[in-house]
>>> print(open('run31.pdb').read())   # PDB, C-alpha atoms, pLDDT in the B column
ATOM      1  CA  MET A  94       0.000   0.000   0.000  1.00 46.00           C
ATOM      2  CA  ASP A  95       1.581   3.340  -1.049  1.00 54.00           C
ATOM      3  CA  ALA A  96       2.158   6.316   1.269  1.00 60.00           C
ATOM      4  CA  SER A  97      -0.691   8.448  -0.128  1.00 61.00           C
ATOM      5  CA  VAL A  98      -3.276   5.755   0.706  1.00 55.00           C
ATOM      6  CA  ASN A  99      -1.834   5.356   4.203  1.00 61.00           C
ATOM      7  CA  ASN A 100      -2.037   9.099   4.748  1.00 66.00           C
ATOM      8  CA  GLN A 101      -5.677   9.155   3.636  1.00 67.00           C
ATOM      9  CA  LEU A 102      -6.537   6.338   6.035  1.00 64.00           C
ATOM     10  CA  ASP A 103      -4.775   8.115   8.894  1.00 69.00           C
ATOM     11  CA  ASP A 104      -6.724  11.297   8.142  1.00 70.00           C
ATOM     12  CA  MET A 105     -10.016   9.380   8.094  1.00 67.00           C
ATOM     13  CA  LEU A 106      -9.267   7.656  11.413  1.00 65.00           C
ATOM     14  CA  TRP A 107      -8.313  10.964  12.998  1.00 66.00           C
ATOM     15  CA  GLN A 108     -11.559  12.563  11.776  1.00 67.00           C
ATOM     16  CA  ILE A 109     -13.611   9.660  13.138  1.00 64.00           C
ATOM     17  CA  GLN A 110     -11.888   9.932  16.522  1.00 62.00           C
ATOM     18  CA  GLN A 111     -12.599  13.665  16.689  1.00 62.00           C
ATOM     19  CA  TRP A 112     -16.188  13.117  15.670  1.00 59.00           C
ATOM     20  CA  LEU A 113     -16.771  10.472  18.368  1.00 57.00           C
ATOM     21  CA  ARG A 114     -15.231  12.729  21.020  1.00 58.00           C
ATOM     22  CA  THR A 115     -17.521  15.616  20.121  1.00 55.00           C
ATOM     23  CA  ASP A 116     -20.702  13.495  19.877  1.00 56.00           C
ATOM     24  CA  PRO A 117     -20.235  10.116  21.628  1.00 54.00           C
ATOM     25  CA  ASP A 118     -24.012   9.528  21.839  1.00 60.00           C
ATOM     26  CA  TYR A 119     -24.290   9.463  18.068  1.00 53.00           C
ATOM     27  CA  ILE A 120     -22.596   6.092  17.857  1.00 52.00           C
ATOM     28  CA  LYS A 121     -25.256   4.684  20.212  1.00 55.00           C
ATOM     29  CA  ARG A 122     -27.963   5.818  17.836  1.00 57.00           C
ATOM     30  CA  LEU A 123     -26.134   4.109  14.985  1.00 51.00           C
ATOM     31  CA  LYS A 124     -25.903   0.719  16.737  1.00 52.00           C
ATOM     32  CA  PRO A 125     -29.283  -0.586  15.481  1.00 53.00           C
ATOM     33  CA  ARG A 126     -28.218   0.245  11.907  1.00 51.00           C
ATOM     34  CA  PHE A 127     -24.882  -1.489  12.406  1.00 47.00           C
ATOM     35  CA  LYS A 128     -26.697  -4.552  13.756  1.00 51.00           C
ATOM     36  CA  LEU A 129     -29.036  -4.623  10.743  1.00 46.00           C
ATOM     37  CA  LEU A 130     -26.080  -4.314   8.363  1.00 45.00           C
ATOM     38  CA  GLU A 131     -24.296  -7.136  10.185  1.00 48.00           C
ATOM     39  CA  GLU A 132     -27.373  -9.399   9.997  1.00 50.00           C
ATOM     40  CA  THR A 133     -27.837  -8.604   6.292  1.00 49.00           C
ATOM     41  CA  ALA A 134     -24.178  -9.395   5.575  1.00 51.00           C
ATOM     42  CA  THR A 135     -24.473 -12.685   7.500  1.00 58.00           C
ATOM     43  CA  ASN A 136     -27.624 -13.675   5.586  1.00 65.00           C
ATOM     44  CA  THR A 137     -25.962 -12.846   2.275  1.00 70.00           C
ATOM     45  CA  SER A 138     -22.929 -14.941   3.235  1.00 75.00           C
ATOM     46  CA  ARG A 139     -25.167 -17.935   4.010  1.00 76.00           C
ATOM     47  CA  VAL A 140     -27.028 -17.617   0.713  1.00 77.00           C
ATOM     48  CA  LEU A 141     -23.758 -17.383  -1.236  1.00 78.00           C
ATOM     49  CA  LYS A 142     -22.540 -20.576   0.463  1.00 81.00           C
ATOM     50  CA  LEU A 143     -25.811 -22.285  -0.455  1.00 81.00           C
ATOM     51  CA  GLN A 144     -25.448 -21.094  -4.039  1.00 78.00           C
ATOM     52  CA  GLN A 145     -21.985 -22.666  -4.168  1.00 81.00           C
ATOM     53  CA  ALA A 146     -23.338 -25.926  -2.729  1.00 80.00           C
ATOM     54  CA  TRP A 147     -26.308 -26.094  -5.102  1.00 82.00           C
ATOM     55  CA  GLY A 148     -24.541 -24.871  -8.229  1.00 79.00           C
ATOM     56  CA  GLU A 149     -26.775 -22.995 -10.657  1.00 74.00           C
ATOM     57  CA  VAL A 150     -29.663 -21.301  -8.829  1.00 71.00           C
ATOM     58  CA  PRO A 151     -32.056 -18.777 -10.454  1.00 74.00           C
ATOM     59  CA  GLN A 152     -31.345 -15.229  -9.330  1.00 74.00           C
ATOM     60  CA  HIS A 153     -34.943 -14.620  -8.209  1.00 74.00           C
ATOM     61  CA  VAL A 154     -34.610 -17.587  -5.834  1.00 75.00           C
ATOM     62  CA  ILE A 155     -31.375 -16.141  -4.442  1.00 74.00           C
ATOM     63  CA  ARG A 156     -33.099 -12.791  -3.852  1.00 77.00           C
ATOM     64  CA  GLU A 157     -36.028 -14.459  -2.080  1.00 78.00           C
ATOM     65  CA  LEU A 158     -33.768 -16.498   0.196  1.00 80.00           C
ATOM     66  CA  ASN A 159     -31.627 -13.470   1.047  1.00 77.00           C
ATOM     67  CA  SER A 160     -34.039 -12.297   3.743  1.00 77.00           C
ATOM     68  CA  LYS A 161     -34.212 -12.554   7.504  1.00 77.00           C
ATOM     69  CA  GLN A 162     -37.376 -14.639   7.186  1.00 79.00           C
ATOM     70  CA  SER A 163     -35.547 -17.321   5.184  1.00 84.00           C
ATOM     71  CA  VAL A 164     -32.543 -17.676   7.515  1.00 85.00           C
ATOM     72  CA  PRO A 165     -33.816 -20.943   9.142  1.00 87.00           C
ATOM     73  CA  PHE A 166     -34.463 -22.500   5.725  1.00 89.00           C
ATOM     74  CA  VAL A 167     -31.055 -21.495   4.331  1.00 87.00           C
ATOM     75  CA  THR A 168     -29.362 -22.748   7.510  1.00 87.00           C
ATOM     76  CA  LEU A 169     -31.141 -26.109   7.167  1.00 90.00           C
ATOM     77  CA  MET A 170     -30.170 -26.422   3.487  1.00 90.00           C
ATOM     78  CA  LEU A 171     -26.539 -25.648   4.359  1.00 88.00           C
ATOM     79  CA  GLY A 172     -26.688 -28.325   7.070  1.00 90.00           C
ATOM     80  CA  LEU A 173     -27.923 -30.881   4.550  1.00 91.00           C
ATOM     81  CA  ALA A 174     -25.173 -29.885   2.096  1.00 89.00           C
ATOM     82  CA  LYS A 175     -22.526 -30.136   4.833  1.00 88.00           C
ATOM     83  CA  ARG A 176     -23.727 -33.652   5.661  1.00 90.00           C
ATOM     84  CA  ARG A 177     -23.574 -34.468   1.934  1.00 90.00           C
ATOM     85  CA  TYR A 178     -27.299 -35.071   1.464  1.00 91.00           C
ATOM     86  CA  ARG A 179     -28.630 -34.508  -2.045  1.00 90.00           C
ATOM     87  CA  VAL A 180     -31.592 -32.121  -2.041  1.00 90.00           C
ATOM     88  CA  HIS A 181     -34.438 -31.723  -4.540  1.00 88.00           C
ATOM     89  CA  GLN A 182     -34.027 -27.966  -4.812  1.00 84.00           C
ATOM     90  CA  MET A 183     -37.285 -27.132  -6.595  1.00 82.00           C
ATOM     91  CA  SER A 184     -39.573 -29.028  -4.197  1.00 82.00           C
ATOM     92  CA  THR A 185     -37.882 -27.607  -1.086  1.00 88.00           C
ATOM     93  CA  VAL A 186     -37.906 -23.994  -2.348  1.00 86.00           C
ATOM     94  CA  LEU A 187     -41.570 -24.217  -3.393  1.00 84.00           C
ATOM     95  CA  TRP A 188     -42.419 -25.794  -0.036  1.00 85.00           C
ATOM     96  CA  TRP A 189     -40.691 -22.939   1.780  1.00 87.00           C
ATOM     97  CA  ARG A 190     -42.606 -20.406  -0.332  1.00 84.00           C
ATOM     98  CA  ARG A 191     -45.873 -22.064   0.693  1.00 81.00           C
ATOM     99  CA  MET A 192     -44.883 -22.041   4.360  1.00 82.00           C
ATOM    100  CA  ILE A 193     -44.264 -18.291   4.183  1.00 80.00           C
ATOM    101  CA  ALA A 194     -47.461 -17.681   2.199  1.00 76.00           C
ATOM    102  CA  THR A 195     -49.583 -19.446   4.800  1.00 73.00           C
ATOM    103  CA  GLY A 196     -47.753 -17.944   7.784  1.00 75.00           C
ATOM    104  CA  GLN A 197     -46.392 -21.306   8.920  1.00 77.00           C
ATOM    105  CA  GLU A 198     -42.665 -20.790   8.397  1.00 80.00           C
ATOM    106  CA  ASN A 199     -42.079 -21.436  12.119  1.00 80.00           C
ATOM    107  CA  VAL A 200     -42.737 -25.130  11.503  1.00 81.00           C
ATOM    108  CA  ILE A 201     -39.099 -25.437  10.409  1.00 84.00           C
ATOM    109  CA  THR A 202     -37.978 -24.700  13.976  1.00 81.00           C
ATOM    110  CA  TYR A 203     -39.224 -28.190  14.924  1.00 80.00           C
ATOM    111  CA  PHE A 204     -36.711 -29.868  12.617  1.00 84.00           C
ATOM    112  CA  SER A 205     -34.538 -32.428  14.430  1.00 83.00           C
ATOM    113  CA  TRP A 206     -31.290 -33.731  12.929  1.00 87.00           C
ATOM    114  CA  GLU A 207     -31.406 -36.770  15.188  1.00 84.00           C
ATOM    115  CA  ARG A 208     -34.890 -37.689  14.020  1.00 83.00           C
ATOM    116  CA  PHE A 209     -34.101 -36.933  10.376  1.00 88.00           C
ATOM    117  CA  GLU A 210     -30.997 -39.119  10.270  1.00 88.00           C
ATOM    118  CA  ALA A 211     -32.845 -41.916  12.048  1.00 86.00           C
ATOM    119  CA  THR A 212     -35.813 -41.946   9.647  1.00 84.00           C
ATOM    120  CA  PHE A 213     -34.516 -40.780   6.239  1.00 89.00           C
ATOM    121  CA  THR A 214     -33.869 -43.687   3.889  1.00 87.00           C
ATOM    122  CA  GLY A 215     -34.069 -42.119   0.424  1.00 87.00           C
ATOM    123  CA  ASP A 216     -31.400 -40.933  -1.991  1.00 89.00           C
ATOM    124  CA  VAL A 217     -32.650 -37.346  -2.408  1.00 91.00           C
ATOM    125  CA  VAL A 218     -34.200 -35.128   0.270  1.00 91.00           C
ATOM    126  CA  HIS A 219     -37.615 -33.768  -0.745  1.00 90.00           C
ATOM    127  CA  ALA A 220     -39.826 -31.230   0.987  1.00 87.00           C
ATOM    128  CA  THR A 221     -42.036 -34.060   2.294  1.00 86.00           C
ATOM    129  CA  ASP A 222     -39.036 -35.570   4.100  1.00 88.00           C
ATOM    130  CA  ILE A 223     -38.408 -32.271   5.888  1.00 89.00           C
ATOM    131  CA  MET A 224     -42.094 -31.860   6.711  1.00 85.00           C
ATOM    132  CA  ARG A 225     -42.330 -35.343   8.257  1.00 83.00           C
ATOM    133  CA  VAL A 226     -39.471 -34.523  10.600  1.00 83.00           C
ATOM    134  CA  CYS A 227     -40.874 -31.103  11.515  1.00 81.00           C
ATOM    135  CA  VAL A 228     -44.407 -32.297  12.150  1.00 76.00           C
ATOM    136  CA  ASP A 229     -44.762 -35.002  14.800  1.00 65.00           C
ATOM    137  CA  ASN A 230     -48.485 -34.526  15.139  1.00 52.00           C
ATOM    138  CA  GLU A 231     -50.794 -35.816  12.419  1.00 54.00           C
ATOM    139  CA  GLN A 232     -53.478 -33.264  13.255  1.00 54.00           C
ATOM    140  CA  LEU A 233     -50.989 -30.436  12.835  1.00 60.00           C
ATOM    141  CA  LEU A 234     -49.941 -31.921   9.496  1.00 60.00           C
ATOM    142  CA  ASN A 235     -53.593 -32.015   8.400  1.00 65.00           C
ATOM    143  CA  ASN A 236     -54.060 -28.388   9.444  1.00 64.00           C
ATOM    144  CA  ILE A 237     -51.035 -27.330   7.409  1.00 60.00           C
ATOM    145  CA  THR A 238     -52.215 -29.314   4.392  1.00 59.00           C
ATOM    146  CA  ALA A 239     -55.640 -27.676   4.620  1.00 61.00           C
ATOM    147  CA  ALA A 240     -54.069 -24.237   4.860  1.00 57.00           C
ATOM    148  CA  LEU A 241     -52.089 -24.871   1.700  1.00 54.00           C
ATOM    149  CA  ALA A 242     -55.362 -25.416  -0.166  1.00 55.00           C
ATOM    150  CA  ASP A 243     -56.845 -22.210   1.249  1.00 58.00           C
ATOM    151  CA  ASP A 244     -57.267 -18.906  -0.606  1.00 56.00           C
ATOM    152  CA  LYS A 245     -54.023 -17.697   0.961  1.00 60.00           C
ATOM    153  CA  CYS A 246     -52.150 -20.132  -1.247  1.00 72.00           C
ATOM    154  CA  VAL A 247     -53.788 -19.099  -4.525  1.00 78.00           C
ATOM    155  CA  ASP A 248     -51.097 -16.464  -5.014  1.00 78.00           C
ATOM    156  CA  PHE A 249     -48.431 -19.160  -4.892  1.00 78.00           C
ATOM    157  CA  LYS A 250     -50.420 -21.503  -7.111  1.00 80.00           C
ATOM    158  CA  ILE A 251     -50.681 -18.952  -9.908  1.00 82.00           C
ATOM    159  CA  ARG A 252     -47.011 -17.981  -9.574  1.00 83.00           C
ATOM    160  CA  GLU A 253     -45.961 -21.621  -9.896  1.00 83.00           C
ATOM    161  CA  LEU A 254     -48.258 -22.185 -12.883  1.00 84.00           C
ATOM    162  CA  LEU A 255     -46.887 -19.092 -14.612  1.00 85.00           C
ATOM    163  CA  GLY A 256     -43.397 -20.544 -14.570  1.00 83.00           C
ATOM    164  CA  GLY A 257     -42.386 -20.132 -10.934  1.00 81.00           C
ATOM    165  CA  ILE A 258     -42.250 -16.334 -11.013  1.00 81.00           C
ATOM    166  CA  SER A 259     -40.866 -14.618  -7.914  1.00 78.00           C
ATOM    167  CA  MET A 260     -42.890 -12.860  -5.219  1.00 74.00           C
ATOM    168  CA  GLN A 261     -41.679  -9.517  -6.578  1.00 76.00           C
ATOM    169  CA  SER A 262     -43.034 -10.184 -10.080  1.00 80.00           C
ATOM    170  CA  ASP A 263     -46.291  -8.690 -11.355  1.00 86.00           C
ATOM    171  CA  VAL A 264     -48.819 -11.531 -11.734  1.00 88.00           C
ATOM    172  CA  ARG A 265     -50.993  -9.670 -14.265  1.00 90.00           C
ATOM    173  CA  GLN A 266     -48.061  -8.945 -16.567  1.00 91.00           C
ATOM    174  CA  ALA A 267     -46.800 -12.516 -16.203  1.00 90.00           C
ATOM    175  CA  TRP A 268     -50.280 -13.840 -17.068  1.00 91.00           C
ATOM    176  CA  LYS A 269     -50.495 -11.712 -20.220  1.00 91.00           C
ATOM    177  CA  LYS A 270     -47.081 -12.928 -21.351  1.00 91.00           C
ATOM    178  CA  TRP A 271     -47.879 -16.571 -20.516  1.00 91.00           C
ATOM    179  CA  ALA A 272     -51.339 -16.431 -22.149  1.00 90.00           C
ATOM    180  CA  MET A 273     -49.936 -14.993 -25.390  1.00 90.00           C
ATOM    181  CA  ALA A 274     -47.365 -17.777 -25.591  1.00 90.00           C
ATOM    182  CA  ASN A 275     -49.666 -20.652 -24.544  1.00 89.00           C
ATOM    183  CA  HIS A 276     -53.049 -19.764 -26.025  1.00 88.00           C
ATOM    184  CA  PRO A 277     -54.749 -22.739 -27.783  1.00 84.00           C
ATOM    185  CA  ASP A 278     -55.024 -20.641 -30.963  1.00 84.00           C
ATOM    186  CA  LYS A 279     -51.233 -20.587 -31.021  1.00 85.00           C
ATOM    187  CA  GLY A 280     -50.842 -24.305 -30.458  1.00 87.00           C
ATOM    188  CA  GLY A 281     -51.021 -24.322 -26.668  1.00 85.00           C
ATOM    189  CA  ASP A 282     -52.558 -27.122 -24.592  1.00 84.00           C
ATOM    190  CA  PRO A 283     -56.289 -26.256 -24.124  1.00 81.00           C
ATOM    191  CA  GLU A 284     -56.564 -28.155 -20.818  1.00 80.00           C
ATOM    192  CA  LEU A 285     -53.482 -26.496 -19.337  1.00 83.00           C
ATOM    193  CA  PHE A 286     -54.634 -23.076 -20.531  1.00 85.00           C
ATOM    194  CA  LEU A 287     -58.049 -23.544 -18.908  1.00 83.00           C
ATOM    195  CA  LYS A 288     -56.484 -24.774 -15.663  1.00 82.00           C
ATOM    196  CA  VAL A 289     -54.201 -21.734 -15.396  1.00 85.00           C
ATOM    197  CA  LYS A 290     -57.018 -19.391 -16.461  1.00 86.00           C
ATOM    198  CA  LEU A 291     -59.295 -20.649 -13.670  1.00 82.00           C
ATOM    199  CA  VAL A 292     -56.588 -20.160 -11.034  1.00 84.00           C
ATOM    200  CA  TYR A 293     -55.808 -16.702 -12.444  1.00 87.00           C
ATOM    201  CA  ASP A 294     -59.503 -15.730 -12.301  1.00 84.00           C
ATOM    202  CA  GLU A 295     -59.632 -16.911  -8.676  1.00 81.00           C
ATOM    203  CA  TRP A 296     -56.521 -14.840  -7.920  1.00 83.00           C
ATOM    204  CA  CYS A 297     -58.149 -11.759  -9.497  1.00 85.00           C
ATOM    205  CA  GLU A 298     -61.296 -12.241  -7.381  1.00 80.00           C
ATOM    206  CA  ILE A 299     -59.208 -12.390  -4.193  1.00 76.00           C
ATOM    207  CA  GLN A 300     -57.274  -9.248  -5.175  1.00 79.00           C
ATOM    208  CA  ASN A 301     -60.543  -7.413  -5.885  1.00 78.00           C
ATOM    209  CA  LYS A 302     -61.944  -8.436  -2.476  1.00 71.00           C
ATOM    210  CA  LEU A 303     -58.766  -7.230  -0.763  1.00 66.00           C
ATOM    211  CA  THR A 304     -58.972  -3.913  -2.591  1.00 69.00           C
ATOM    212  CA  GLN A 305     -62.644  -3.438  -1.600  1.00 64.00           C
ATOM    213  CA  THR A 306     -61.809  -4.279   2.031  1.00 53.00           C
ATOM    214  CA  LYS A 307     -59.058  -1.654   2.142  1.00 51.00           C
ATOM    215  CA  GLU A 308     -61.419   0.958   0.672  1.00 53.00           C
TER     216      GLU A 308
END
>>> encode(input="run31.pdb", output="structure tokens")
Amino acid sequence: MDASVNNQLDDMLWQIQQWLRTDPDYIKRLKPRFKLLEETATNTSRVLKLQQAWGEVPQHVIRELNSKQSVPFVTLMLGLAKRRYRVHQMSTVLWWRRMIATGQENVITYFSWERFEATFTGDVVHATDIMRVCVDNEQLLNNITAALADDKCVDFKIRELLGGISMQSDVRQAWKKWAMANHPDKGGDPELFLKVKLVYDEWCEIQNKLTQTKE
């Protein structure tokens, strides 16, 4: 490092020292921001490690997982990678999306490594394998399954049907693009088109009800 850079660093450190002496309480007010930055950096580091373990991962998935809410899921996936378990990435990511959509992401806190390693016998870990370990009560499992079929999950259903678009994507724009490419008049599958159209119509009805409620 050359002398000019060293001099600049010395000047910056001196200015920071003077600033802290004149207003020592200011650093206390900055602590929550520092903590948030530290947590964000830690989350990003975990996601980058998971990306290395999984190989090619769509960027929208990386953005979704890089949140405080997804820390338990990313930590679990890193644990599986560290123990050299193969994971079905698509099923686990979609499962985690559904858990968040239905407000049941805390179910992952019941995951037990001891129970998982004692009961898992497959070659690839799927979302159902994780769910079985997390849920030790059949009634709770039934409640979660019912919630996944509720209106709350329609948003995720349509996003999956439209190609697995991210939570930040505009559903209406994605539908227009998908419909133009998959319309039966253009050679698309009529049954698939009708299936997606019905879910999209249901999604629109829910959005309209939400808008009317807010008004």
>>> residues_around(input="run31.pdb", residues="stretch 161-167 of chain A", least_positions_apart="5", cutoff="12 Å", atoms="all atoms listed in the file", output="ChimeraX atom specification")
/A:129-144,146-147,154-156,172-174,182,185-190,192-194,196-204,220,223
>>> resolve_selection(input="run31.pdb", expression="the PyMOL selection byres ((chain A and resi 209) around 10)", output="list in words")
Phe204, Ser205, Trp206, Glu207, Arg208, Glu210, Ala211, Thr212, Phe213, Thr214, Asp222, Ile223, Arg225, Val226 and Cys227 of chain A
>>> atom_distance(input="run31.pdb", atom1="atom CA of A:Tyr178", atom2="atom CA of A:Glu149")
17.1 Å
>>> residues_around(input="run31.pdb", residues="stretch 257-274 of chain A", least_positions_apart="5", cutoff="8 Å", atoms="all atoms listed in the file", output="PDB file with C-alpha atoms, keeping the file's coordinate frame")
ATOM      1  CA  HIS A 153     -34.943 -14.620  -8.209  1.00 74.00           C
ATOM      2  CA  VAL A 154     -34.610 -17.587  -5.834  1.00 75.00           C
ATOM      3  CA  GLU A 157     -36.028 -14.459  -2.080  1.00 78.00           C
ATOM      4  CA  ILE A 251     -50.681 -18.952  -9.908  1.00 82.00           C
ATOM      5  CA  ARG A 252     -47.011 -17.981  -9.574  1.00 83.00           C
ATOM      6  CA  LYS A 279     -51.233 -20.587 -31.021  1.00 85.00           C
ATOM      7  CA  GLY A 281     -51.021 -24.322 -26.668  1.00 85.00           C
ATOM      8  CA  PHE A 286     -54.634 -23.076 -20.531  1.00 85.00           C
ATOM      9  CA  TYR A 293     -55.808 -16.702 -12.444  1.00 87.00           C
TER      10      TYR A 293
END
>>> atom_distance(input="run31.pdb", atom1="atom CA of A:Asn159", atom2="atom CA of A:Leu255")
22.6 Å
